[in-house]
file input.txt (compact mmCIF, C-alpha atoms)
# COMPACT_ATOMS: atom_id res chain seq x y z
CA MET A 1 100.71 79.49 92.50
CA ILE A 2 101.39 81.37 95.71
CA GLU A 3 98.38 82.81 97.51
CA PHE A 4 99.07 85.93 99.51
CA GLN A 5 97.63 86.60 102.96
CA LEU A 6 97.57 89.82 104.90
CA ASP A 7 98.17 90.38 108.57
CA GLU A 8 96.59 93.76 109.20
CA THR A 9 97.80 93.98 112.77
CA SER A 10 101.49 93.33 112.11
CA GLY A 11 102.44 96.94 111.44
CA VAL A 12 104.47 95.70 108.46
CA ALA A 13 103.71 97.60 105.26
CA THR A 14 101.49 95.60 102.94
CA TYR A 15 103.98 95.52 100.05
CA LEU A 16 106.63 94.24 102.44
CA GLN A 17 104.32 91.48 103.61
CA LEU A 18 103.97 90.35 99.99
CA VAL A 19 107.75 90.48 99.47
CA GLN A 20 108.34 88.53 102.67
CA GLN A 21 105.80 85.90 101.67
CA VAL A 22 107.59 85.34 98.37
CA HIS A 23 110.91 85.04 100.20
CA GLN A 24 109.31 82.64 102.65
CA ALA A 25 107.75 80.55 99.87
CA LEU A 26 111.12 80.37 98.10
CA ARG A 27 112.83 79.26 101.28
CA MET A 28 110.22 76.62 101.92
CA GLY A 29 110.40 75.39 98.33
CA MET A 30 106.79 76.38 97.61
CA LEU A 31 108.03 78.65 94.83
CA GLU A 32 110.78 77.82 92.38
CA PRO A 33 112.54 79.59 89.54
CA GLY A 34 110.21 79.70 86.55
CA ASP A 35 107.04 79.91 88.64
CA GLN A 36 104.65 82.73 87.88
CA LEU A 37 103.46 85.15 90.54
CA PRO A 38 99.78 86.08 90.56
CA THR A 39 98.94 89.13 88.47
CA ALA A 40 98.12 92.42 90.20
CA GLN A 41 94.49 91.93 89.12
CA GLN A 42 94.36 88.51 90.77
CA VAL A 43 95.89 89.76 94.01
CA VAL A 44 93.56 92.78 94.06
CA ALA A 45 90.52 90.60 93.44
CA LYS A 46 91.48 88.33 96.34
CA LEU A 47 92.72 90.79 98.95
CA ALA A 48 90.95 94.02 97.91
CA ILE A 49 94.23 95.90 98.20
CA ASN A 50 95.73 98.67 96.12
CA PRO A 51 97.29 97.35 92.88
CA ASN A 52 100.17 99.81 93.36
CA THR A 53 101.08 97.81 96.44
CA VAL A 54 101.41 94.66 94.36
CA HIS A 55 103.47 96.48 91.72
CA LYS A 56 105.70 97.89 94.41
CA ALA A 57 106.26 94.46 95.92
CA TYR A 58 107.10 92.96 92.52
CA ARG A 59 109.48 95.83 91.70
CA GLU A 60 111.27 95.13 94.96
CA LEU A 61 111.58 91.45 94.05
CA GLU A 62 112.93 92.46 90.64
CA ARG A 63 115.45 94.79 92.23
CA ASP A 64 116.65 91.91 94.41
CA GLY A 65 116.98 89.84 91.23
CA LEU A 66 114.45 87.28 92.44
CA ALA A 67 111.78 87.91 89.84
CA ARG A 68 111.39 89.34 86.37
CA ALA A 69 108.42 90.92 84.64
CA ARG A 70 107.80 89.63 81.12
CA PRO A 71 105.61 92.17 79.36
CA GLY A 72 102.21 90.75 78.52
CA LEU A 73 102.90 87.50 80.34
CA GLY A 74 103.37 88.32 84.00
CA THR A 75 106.03 88.25 86.67
CA PHE A 76 108.14 85.13 87.10
CA ILE A 77 110.57 83.87 89.70
CA THR A 78 114.10 83.87 88.34
CA ARG A 79 116.14 82.51 91.24
CA SER A 80 116.13 81.75 94.95
CA PRO A 81 117.40 84.28 97.48
CA SER A 82 121.17 84.08 97.85
CA GLY A 83 122.73 82.70 100.99
CA THR A 84 119.87 80.35 101.56
CA ASP A 85 121.16 77.15 100.07
CA PRO A 86 119.46 74.20 101.73
CA ALA A 87 122.63 72.84 103.37
CA THR A 88 123.37 76.13 105.14
CA GLN A 89 119.72 76.45 106.14
CA ALA A 90 119.72 72.96 107.58
CA ARG A 91 122.95 73.54 109.52
CA PHE A 92 121.55 76.65 111.25
CA LEU A 93 118.19 75.04 111.84
CA THR A 94 119.93 72.18 113.66
CA ALA A 95 122.07 74.56 115.70
CA MET A 96 119.02 76.63 116.59
CA THR A 97 117.01 73.59 117.60
CA ASP A 98 119.83 72.38 119.87
CA TRP A 99 120.04 75.81 121.43
CA LEU A 100 116.29 75.96 121.95
CA ARG A 101 116.26 72.54 123.60
CA SER A 102 118.97 73.54 126.03
CA ALA A 103 117.17 76.83 126.76
CA ARG A 104 114.00 74.93 127.46
CA SER A 105 115.65 72.44 129.77
CA ALA A 106 117.15 75.42 131.62
CA GLY A 107 113.56 76.47 132.35
CA LEU A 108 113.07 79.22 129.77
CA GLY A 109 109.64 79.66 128.23
CA PRO A 110 108.81 80.83 124.68
CA ASP A 111 108.50 84.47 125.81
CA ASP A 112 111.91 84.44 127.54
CA ILE A 113 113.44 82.90 124.46
CA GLU A 114 111.83 85.38 122.14
CA ALA A 115 113.05 88.32 124.24
CA ILE A 116 116.60 86.92 124.19
CA TYR A 117 116.42 86.29 120.47
CA ARG A 118 115.18 89.80 119.70
CA THR A 119 117.77 91.47 121.89
CA ALA A 120 120.58 89.43 120.35
CA LEU A 121 119.31 90.01 116.83
CA ARG A 122 119.10 93.75 117.34
CA ALA A 123 122.51 93.94 118.98
CA CYS A 124 124.02 91.86 116.19
CA PHE A 125 122.59 93.94 113.35
CA ALA A 126 123.22 97.26 115.11
CA GLU A 127 126.93 96.27 115.24
CA GLY A 128 126.86 95.61 111.55
CA ALA A 129 125.24 98.94 110.71
CA ALA A 130 127.31 101.18 112.98
CA MET B 1 107.47 116.06 85.06
CA MET B 2 104.45 114.27 86.38
CA THR B 3 101.28 116.30 86.91
CA ALA B 4 99.93 116.33 90.41
CA ALA B 5 96.49 114.83 90.97
CA ILE B 6 95.81 117.68 93.37
CA GLU B 7 98.03 120.60 94.20
CA ALA B 8 97.01 123.15 96.79
CA SER B 9 98.90 126.11 98.11
CA GLY B 10 97.72 128.21 101.03
CA LEU B 11 94.25 126.91 100.27
CA GLY B 12 91.50 128.00 102.64
CA LYS B 13 87.74 128.02 102.81
CA ALA B 14 85.74 129.95 105.38
CA TYR B 15 82.01 129.72 105.99
CA ARG B 16 80.75 132.90 107.63
CA ARG B 17 83.25 133.27 110.47
CA ALA B 18 84.71 129.78 110.80
CA TRP B 19 87.45 128.20 108.71
CA ALA B 20 86.49 124.82 107.28
CA LEU B 21 89.96 124.43 105.81
CA ARG B 22 93.02 126.61 106.16
CA ASP B 23 96.68 126.85 105.18
CA CYS B 24 96.35 123.74 103.11
CA THR B 25 99.50 123.19 101.06
CA LEU B 26 99.74 119.81 99.43
CA VAL B 27 101.07 118.03 96.39
CA ILE B 28 99.39 114.70 95.77
CA PRO B 29 101.17 112.87 92.95
CA GLU B 30 99.10 111.11 90.32
CA GLY B 31 98.63 107.36 90.38
CA HIS B 32 97.97 106.99 94.07
CA VAL B 33 95.05 105.83 96.12
CA VAL B 34 94.94 108.55 98.72
CA GLY B 35 93.23 108.23 102.07
CA LEU B 36 91.99 111.52 103.45
CA VAL B 37 91.51 110.80 107.12
CA GLY B 38 90.28 112.96 109.95
CA PRO B 39 87.53 113.30 112.51
CA ASN B 40 84.11 114.51 111.42
CA GLY B 41 84.17 118.22 110.72
CA ALA B 42 87.92 118.31 110.02
CA GLY B 43 87.49 119.72 106.52
CA LYS B 44 87.62 116.57 104.40
CA THR B 45 84.39 117.25 102.53
CA THR B 46 85.42 120.86 102.01
CA LEU B 47 88.75 119.83 100.46
CA LEU B 48 87.03 117.34 98.15
CA ARG B 49 84.38 119.86 97.11
CA LEU B 50 87.06 122.46 96.43
CA ALA B 51 88.74 119.88 94.17
CA THR B 52 85.52 119.28 92.25
CA GLY B 53 84.96 123.00 91.79
CA MET B 54 81.60 122.91 93.58
CA LEU B 55 83.13 125.25 96.16
CA ALA B 56 85.36 128.22 95.45
CA PRO B 57 88.34 128.88 97.74
CA THR B 58 88.27 131.82 100.14
CA CYS B 59 92.03 132.13 99.73
CA GLY B 60 94.94 130.29 98.15
CA ALA B 61 94.84 128.15 95.04
CA ILE B 62 94.05 124.61 93.99
CA THR B 63 94.71 122.78 90.75
CA VAL B 64 93.44 119.34 89.83
CA LEU B 65 95.34 117.36 87.18
CA GLY B 66 97.11 120.61 86.36
CA GLN B 67 93.94 122.63 85.76
CA ARG B 68 91.61 124.83 87.74
CA PRO B 69 88.73 122.68 89.12
CA ALA B 70 85.68 122.59 86.82
CA ALA B 71 87.50 124.89 84.39
CA GLY B 72 85.40 123.58 81.50
CA LEU B 73 83.62 120.54 80.11
CA ALA B 74 86.87 118.73 79.38
CA GLN B 75 88.07 119.20 82.95
CA LEU B 76 84.71 118.10 84.35
CA ALA B 77 84.98 114.86 82.39
CA ARG B 78 88.40 114.11 83.89
CA VAL B 79 87.23 114.12 87.51
CA GLY B 80 84.66 111.78 89.04
CA TYR B 81 83.00 112.50 92.36
CA VAL B 82 80.93 110.33 94.65
CA ALA B 83 79.29 112.43 97.35
CA GLN B 84 78.75 111.38 100.94
CA ASP B 85 76.07 108.70 101.44
CA THR B 86 76.38 107.74 97.74
CA PRO B 87 73.17 109.47 96.66
CA ALA B 88 70.97 108.10 93.88
CA TYR B 89 67.60 109.10 92.47
CA ALA B 90 65.22 107.01 94.56
CA ARG B 91 62.42 106.75 92.00
CA MET B 92 64.64 106.01 89.03
CA ARG B 93 65.57 102.49 88.04
CA VAL B 94 69.16 101.27 87.95
CA ALA B 95 69.04 101.21 84.13
CA ASP B 96 67.76 104.82 84.08
CA HIS B 97 70.78 105.91 86.10
CA LEU B 98 73.04 104.38 83.48
CA ARG B 99 71.10 106.06 80.68
CA LEU B 100 71.37 109.39 82.46
CA GLY B 101 75.09 108.81 82.96
CA ALA B 102 75.54 108.05 79.27
CA TRP B 103 73.61 111.18 78.34
CA LEU B 104 75.54 113.48 80.68
CA ASN B 105 79.07 112.17 80.14
CA PRO B 106 80.85 112.40 76.79
CA GLY B 107 83.38 109.67 77.61
CA TRP B 108 80.77 107.22 79.00
CA ASP B 109 81.90 103.60 78.89
CA ASP B 110 78.62 101.72 78.63
CA GLY B 111 80.29 98.32 78.37
CA LEU B 112 82.00 98.92 81.68
CA ALA B 113 78.76 100.13 83.29
CA GLN B 114 76.75 97.09 82.13
CA ARG B 115 79.49 94.64 83.10
CA ARG B 116 79.81 96.12 86.58
CA ILE B 117 76.06 96.15 87.18
CA ALA B 118 75.91 92.46 86.30
CA GLN B 119 79.03 91.65 88.28
CA VAL B 120 77.75 93.20 91.51
CA GLY B 121 74.33 91.67 90.97
CA LEU B 122 72.19 94.78 90.51
CA ASP B 123 68.83 94.35 88.77
CA PRO B 124 68.57 97.01 86.02
CA LYS B 125 64.79 97.21 86.61
CA GLN B 126 65.02 97.89 90.32
CA ARG B 127 64.34 101.40 91.61
CA ALA B 128 67.27 102.98 93.41
CA GLY B 129 65.09 103.77 96.41
CA SER B 130 64.73 100.09 97.22
CA LEU B 131 68.45 99.23 96.98
CA SER B 132 70.41 98.36 100.11
CA GLY B 133 73.13 100.74 101.22
CA GLY B 134 75.79 98.48 99.73
CA GLN B 135 73.94 98.19 96.41
CA ARG B 136 73.39 101.93 96.20
CA ALA B 137 77.10 102.49 96.86
CA GLN B 138 77.93 100.05 94.06
CA LEU B 139 75.56 101.91 91.72
CA ALA B 140 77.19 105.24 92.58
CA LEU B 141 80.65 103.72 92.07
CA THR B 142 79.58 102.28 88.72
CA LEU B 143 78.33 105.67 87.53
CA ALA B 144 81.57 107.32 88.61
CA LEU B 145 83.78 104.64 87.01
CA ALA B 146 81.87 104.47 83.71
CA LYS B 147 82.63 108.13 83.25
CA ARG B 148 86.25 106.91 82.96
CA PRO B 149 87.73 109.72 85.06
CA GLU B 150 91.47 110.21 85.51
CA LEU B 151 90.84 111.17 89.12
CA LEU B 152 88.05 109.82 91.30
CA LEU B 153 87.07 111.62 94.51
CA LEU B 154 84.94 109.74 97.03
CA ASP B 155 83.56 111.29 100.20
CA GLU B 156 83.14 108.73 103.01
CA PRO B 157 82.02 106.09 100.54
CA VAL B 158 82.02 103.16 102.97
CA ALA B 159 80.99 104.89 106.19
CA GLY B 160 77.44 103.51 106.18
CA LEU B 161 78.22 100.02 104.88
CA ASP B 162 78.48 96.74 106.72
CA PRO B 163 81.94 95.08 106.66
CA LEU B 164 81.14 92.77 103.75
CA ALA B 165 79.64 95.52 101.57
CA ARG B 166 82.62 97.68 102.52
CA ARG B 167 85.06 95.02 101.35
CA GLU B 168 83.12 94.48 98.12
CA PHE B 169 83.01 98.20 97.41
CA LEU B 170 86.75 98.62 97.95
CA ARG B 171 87.47 95.52 95.89
CA GLY B 172 85.50 97.00 92.97
CA LEU B 173 87.31 100.28 93.35
CA MET B 174 90.73 98.61 93.46
CA GLU B 175 89.95 96.46 90.42
CA ALA B 176 89.15 99.62 88.51
CA VAL B 177 92.42 101.17 89.65
CA ALA B 178 94.28 98.07 88.50
CA GLU B 179 92.57 98.14 85.13
CA HIS B 180 92.54 101.85 84.31
CA GLY B 181 95.22 103.35 86.52
CA THR B 182 92.74 105.85 87.94
CA SER B 183 94.01 108.12 90.72
CA VAL B 184 91.74 108.03 93.74
CA VAL B 185 91.19 110.22 96.79
CA LEU B 186 88.77 108.82 99.35
CA SER B 187 87.91 110.22 102.72
CA SER B 188 86.99 108.48 105.93
CA HIS B 189 86.90 109.23 109.61
CA LEU B 190 88.18 105.70 110.26
CA VAL B 191 91.60 104.68 109.05
CA THR B 192 90.74 100.98 109.34
CA ASP B 193 88.41 101.47 106.36
CA LEU B 194 91.28 102.61 104.21
CA GLU B 195 94.29 100.76 105.55
CA ARG B 196 94.29 98.08 102.89
CA VAL B 197 93.73 100.25 99.90
CA CYS B 198 95.62 103.48 100.43
CA ASP B 199 99.24 104.00 99.48
CA TYR B 200 99.15 107.67 100.41
CA LEU B 201 97.66 109.31 103.48
CA ILE B 202 96.59 112.77 104.43
CA VAL B 203 95.56 113.40 108.02
CA LEU B 204 93.35 116.41 108.41
CA VAL B 205 92.48 117.73 111.88
CA ALA B 206 90.61 120.89 112.78
CA SER B 207 90.85 122.26 109.24
CA ARG B 208 94.61 121.71 108.94
CA VAL B 209 96.81 119.07 107.34
CA ARG B 210 98.76 117.30 110.10
CA ILE B 211 100.74 114.98 107.86
CA ALA B 212 100.74 113.80 104.27
CA GLY B 213 102.88 111.20 102.57
CA GLU B 214 103.27 107.76 101.08
CA VAL B 215 102.17 105.10 103.53
CA SER B 216 105.30 102.97 103.08
CA GLU B 217 107.52 105.99 103.81
CA LEU B 218 105.43 107.00 106.79
CA LEU B 219 105.61 103.50 108.25
CA ALA B 220 109.34 103.27 107.60
CA SER B 221 110.05 106.58 109.30
CA HIS B 222 107.96 106.11 112.45
CA HIS B 223 108.80 103.80 115.35
CA ARG B 224 107.45 103.06 118.78
CA LEU B 225 110.22 103.21 121.40
CA ALA B 226 109.82 101.80 124.89
CA GLY B 227 112.48 101.97 127.57
CA PRO B 228 113.60 103.45 130.87
CA ARG B 229 112.14 106.87 131.62
CA ARG B 230 113.85 109.60 129.71
CA ALA B 231 113.18 113.22 128.78
CA PRO B 232 112.41 113.55 125.06
CA GLY B 233 114.86 116.47 124.88
CA THR B 234 117.72 114.00 125.28
CA LEU B 235 116.99 112.20 122.03
CA PRO B 236 119.50 112.55 119.18
CA ALA B 237 118.86 115.25 116.59
CA GLY B 238 116.67 113.99 113.80
CA GLN B 239 114.35 112.04 116.08
CA ASP B 240 111.08 113.96 116.39
CA VAL B 241 108.70 112.92 119.13
CA ILE B 242 105.14 112.73 117.84
CA GLU B 243 103.58 111.19 120.93
CA GLN B 244 104.86 110.37 124.37
CA SER B 245 103.72 108.83 127.59
CA HIS B 246 105.69 108.36 130.77
CA THR B 247 105.32 106.43 133.98
CA ASP B 248 107.73 106.98 136.86
CA LYS B 249 110.01 104.31 135.40
CA GLN B 250 109.21 103.98 131.74
CA SER B 251 108.89 106.14 128.64
CA THR B 252 106.98 105.19 125.50
CA LEU B 253 107.51 107.38 122.48
CA LEU B 254 106.30 107.51 118.93
CA VAL B 255 109.25 108.89 117.02
CA ARG B 256 109.71 110.10 113.48
CA THR B 257 113.18 109.67 112.04
CA ASP B 258 114.90 108.70 108.83
CA GLU B 259 117.82 107.12 110.69
CA PRO B 260 117.91 103.66 112.23
CA ILE B 261 117.62 103.65 116.02
CA HIS B 262 120.68 102.08 117.60
CA ASP B 263 120.26 103.01 121.26
CA PRO B 264 120.07 99.57 122.96
CA ALA B 265 118.03 101.04 125.85
CA TRP B 266 114.98 101.19 123.57
CA THR B 267 112.77 98.36 122.53
CA VAL B 268 111.81 99.40 119.02
CA THR B 269 108.60 98.20 117.41
CA PRO B 270 107.02 99.20 114.11
CA VAL B 271 103.79 101.20 114.16
CA SER B 272 100.66 100.27 112.28
CA THR B 273 98.96 102.72 109.96
CA GLU B 274 96.17 103.02 112.47
CA GLU B 275 98.47 103.89 115.38
CA LEU B 276 100.24 106.41 113.20
CA VAL B 277 97.03 108.11 112.14
CA LEU B 278 95.63 108.13 115.66
CA ALA B 279 98.81 109.77 116.94
CA TYR B 280 98.54 112.50 114.32
CA MET B 281 94.80 112.86 114.90
CA ASN B 282 95.16 113.32 118.65
CA PRO B 283 94.85 117.08 119.24
CA ALA B 284 96.89 116.71 122.46
CA ASN B 285 99.98 115.82 120.43
CA ASP B 286 102.05 118.79 119.41
CA ILE B 287 103.47 117.76 116.06
CA PRO B 288 107.00 119.12 115.55
CA ALA B 289 107.64 121.28 112.48
CA ARG B 290 108.05 119.16 109.42
CA ARG B 291 111.31 118.57 107.72
CA PRO B 292 111.34 118.48 103.90
CA GLN B 293 108.02 117.12 102.78
CA LEU B 294 107.61 113.39 102.65
CA GLY B 295 106.42 111.45 99.71
CA VAL B 296 106.36 114.04 96.97
CA ALA B 297 107.22 112.48 93.65
CA SER B 298 109.49 114.50 91.41

call {"tool": "encode", "arguments": {"input": "input.txt", "output": "structure tokens"}}
result
Amino acid sequence: MIEFQLDETSGVATYLQLVQQVHQALRMGMLEPGDQLPTAQQVVAKLAINPNTVHKAYRELERDGLARARPGLGTFITRSPSGTDPATQARFLTAMTDWLRSARSAGLGPDDIEAIYRTALRACFAEGAA
Amino acid sequence: MMTAAIEASGLGKAYRRAWALRDCTLVIPEGHVVGLVGPNGAGKTTLLRLATGMLAPTCGAITVLGQRPAAGLAQLARVGYVAQDTPAYARMRVADHLRLGAWLNPGWDDGLAQRRIAQVGLDPKQRAGSLSGGQRAQLALTLALAKRPELLLLDEPVAGLDPLARREFLRGLMEAVAEHGTSVVLSSHLVTDLERVCDYLIVLVASRVRIAGEVSELLASHHRLAGPRRAPGTLPAGQDVIEQSHTDKQSTLLVRTDEPIHDPAWTVTPVSTEELVLAYMNPANDIPARRPQLGVAS
């Protein structure tokens, strides 16, 4: 079963951290369809957070079609996030790694790379939204 | 329609000549864990005591779970209150506190009280005067929870506790919320105490509410912008500046907006709950008039 962690300094809302960790676990194959998510009580007992936060995170996962609550039993993973089939993932991971290697050999450090990545990401998604 | 846990309109309380709380208009929906944050002397205790009915308003009105505070025995049973410094009767034993609780409260859940006492490791025979701060807080919380209130009000419950006792106290509180769906309002002068547990925040400064709303909505609608120096007046409509600092070349703004920020000149970063609260707590920041109220459930 997945064990949630909290990063209190990230500025990301707690429920969103839980949602992102489920997404992450699905992508990494640590969670699969049919797996049960911890109950709100279990998460609360571990992290001492508000149970509403857990409910909110699970509702969000349900809305995305990734999980389903079965009354009296708990919340279960129903499918993996779309657009993340392993072959596609692998293709972009390879492309990214190649790009990173060439950036590094051009003398760029992790901070330079991160700045470029963030700028490009923002520009790319701003285009999409406008 | 859902009843509000607390609804206040134009609520004010004056002591002699000074206002302890004024112009307080709020709707706190039920089912939340509400953090009431503000510096010492901001009016937090006054608001909580108005909600319990121990204080009467100087002006305005307040209802709690749809009723006037302390309107009768039934209403008293619906609201639990843990006062500042989690007081207990020093010469009475832990078990005596539970007996007193059972005697005073019609809806007393003795099973819950006994379970919690065992769970947090309190000795029923020990006198309250010899408990540690953390243990005394747990005793006070147990008494409040065993009353099985619909709304629990806690005044600075963790202020005097060490970090571990603080975490244990909040864990116990959150487990009760998970089990019984209790609405909670707890005050603190430090947002870090409450960051994990609150899904609703009220910032109270100098007897006035500066902002109130659901934490997730507040975080989603506030951003830190950094970029080349720029006058705040040149921002698009709908972007309210909460806080700003400028050097000769750079501007850093904390902005409230419901729209995404597309201007590529800005580096946009999310704000933490703590940054948000500090910005609203800072008396130097002139908070722009609020648009339609955030976070009010219909």

call {"tool": "interface_residues", "arguments": {"input": "input.txt", "of": "chain A", "to": "chain B", "cutoff": "10 Å", "atoms": "only C-alpha atoms", "output": "PyMOL selection string"}}
result
chain A and resi 6+8-16+40-55+118-119+122-123+125-127+129-130

call {"tool": "atom_distance", "arguments": {"input": "input.txt", "atom1": "atom CA of Leu235 of chain B", "atom2": "atom CA of Trp266 of chain B"}}
result
11.3 Å

call {"tool": "atom_distance", "arguments": {"input": "input.txt", "atom1": "atom CA of Asp248 of chain B", "atom2": "atom CA of Arg224 of chain B"}}
result
18.5 Å

call {"tool": "atom_distance", "arguments": {"input": "input.txt", "atom1": "atom CA of Ile77 of chain A", "atom2": "atom CA of Gln5 of chain A"}}
result
18.7 Å

call {"tool": "residues_near_point", "arguments": {"input": "input.txt", "point": "(65.0, 100.0, 86.0)", "cutoff": "9 Å", "atoms": "all atoms listed in the file", "output": "ChimeraX atom specification"}}
result
/B:92-97,123-128

call {"tool": "write_last_selection", "arguments": {"input": "input.txt", "atoms": "C-alpha atoms", "output": "PDB file, keeping the file's coordinate frame"}}
result
ATOM      1  CA  MET B  92      64.640 106.010  89.030  1.00  0.00           C
ATOM      2  CA  ARG B  93      65.570 102.490  88.040  1.00  0.00           C
ATOM      3  CA  VAL B  94      69.160 101.270  87.950  1.00  0.00           C
ATOM      4  CA  ALA B  95      69.040 101.210  84.130  1.00  0.00           C
ATOM      5  CA  ASP B  96      67.760 104.820  84.080  1.00  0.00           C
ATOM      6  CA  HIS B  97      70.780 105.910  86.100  1.00  0.00           C
ATOM      7  CA  ASP B 123      68.830  94.350  88.770  1.00  0.00           C
ATOM      8  CA  PRO B 124      68.570  97.010  86.020  1.00  0.00           C
ATOM      9  CA  LYS B 125      64.790  97.210  86.610  1.00  0.00           C
ATOM     10  CA  GLN B 126      65.020  97.890  90.320  1.00  0.00           C
ATOM     11  CA  ARG B 127      64.340 101.400  91.610  1.00  0.00           C
ATOM     12  CA  ALA B 128      67.270 102.980  93.410  1.00  0.00           C
TER      13      ALA B 128
END

call {"tool": "closest_residue", "arguments": {"input": "input.txt", "among": "B:Leu98, B:Ile117, B:Ala88, B:Leu73", "to": "Arg136 of chain B", "atoms": "only C-alpha atoms"}}
result
B:Ala88

call {"tool": "closest_residue", "arguments": {"input": "input.txt", "among": "B:Ser188, B:Pro163, B:Ser183, B:Ala206", "to": "Ala18 of chain B", "atoms": "only C-alpha atoms"}}
result
B:Ala206

call {"tool": "closest_residue", "arguments": {"input": "input.txt", "among": "B:Leu122, B:Val82, B:Leu143, B:Val27", "to": "Trp108 of chain B", "atoms": "all atoms listed in the file"}}
result
B:Leu143

call {"tool": "residues_around", "arguments": {"input": "input.txt", "residues": "segment 11-15 of chain B", "least_positions_apart": "3", "cutoff": "12 Å", "atoms": "only C-alpha atoms", "output": "PyMOL selection string"}}
result
chain B and resi 6-8+18-27+43-51+55-63+207-209

call {"tool": "write_last_selection", "arguments": {"input": "input.txt", "atoms": "C-alpha atoms", "output": "PDB file, in the frame of the given file"}}
result
ATOM      1  CA  ILE B   6      95.810 117.680  93.370  1.00  0.00           C
ATOM      2  CA  GLU B   7      98.030 120.600  94.200  1.00  0.00           C
ATOM      3  CA  ALA B   8      97.010 123.150  96.790  1.00  0.00           C
ATOM      4  CA  ALA B  18      84.710 129.780 110.800  1.00  0.00           C
ATOM      5  CA  TRP B  19      87.450 128.200 108.710  1.00  0.00           C
ATOM      6  CA  ALA B  20      86.490 124.820 107.280  1.00  0.00           C
ATOM      7  CA  LEU B  21      89.960 124.430 105.810  1.00  0.00           C
ATOM      8  CA  ARG B  22      93.020 126.610 106.160  1.00  0.00           C
ATOM      9  CA  ASP B  23      96.680 126.850 105.180  1.00  0.00           C
ATOM     10  CA  CYS B  24      96.350 123.740 103.110  1.00  0.00           C
ATOM     11  CA  THR B  25      99.500 123.190 101.060  1.00  0.00           C
ATOM     12  CA  LEU B  26      99.740 119.810  99.430  1.00  0.00           C
ATOM     13  CA  VAL B  27     101.070 118.030  96.390  1.00  0.00           C
ATOM     14  CA  GLY B  43      87.490 119.720 106.520  1.00  0.00           C
ATOM     15  CA  LYS B  44      87.620 116.570 104.400  1.00  0.00           C
ATOM     16  CA  THR B  45      84.390 117.250 102.530  1.00  0.00           C
ATOM     17  CA  THR B  46      85.420 120.860 102.010  1.00  0.00           C
ATOM     18  CA  LEU B  47      88.750 119.830 100.460  1.00  0.00           C
ATOM     19  CA  LEU B  48      87.030 117.340  98.150  1.00  0.00           C
ATOM     20  CA  ARG B  49      84.380 119.860  97.110  1.00  0.00           C
ATOM     21  CA  LEU B  50      87.060 122.460  96.430  1.00  0.00           C
ATOM     22  CA  ALA B  51      88.740 119.880  94.170  1.00  0.00           C
ATOM     23  CA  LEU B  55      83.130 125.250  96.160  1.00  0.00           C
ATOM     24  CA  ALA B  56      85.360 128.220  95.450  1.00  0.00           C
ATOM     25  CA  PRO B  57      88.340 128.880  97.740  1.00  0.00           C
ATOM     26  CA  THR B  58      88.270 131.820 100.140  1.00  0.00           C
ATOM     27  CA  CYS B  59      92.030 132.130  99.730  1.00  0.00           C
ATOM     28  CA  GLY B  60      94.940 130.290  98.150  1.00  0.00           C
ATOM     29  CA  ALA B  61      94.840 128.150  95.040  1.00  0.00           C
ATOM     30  CA  ILE B  62      94.050 124.610  93.990  1.00  0.00           C
ATOM     31  CA  THR B  63      94.710 122.780  90.750  1.00  0.00           C
ATOM     32  CA  SER B 207      90.850 122.260 109.240  1.00  0.00           C
ATOM     33  CA  ARG B 208      94.610 121.710 108.940  1.00  0.00           C
ATOM     34  CA  VAL B 209      96.810 119.070 107.340  1.00  0.00           C
TER      35      VAL B 209
END
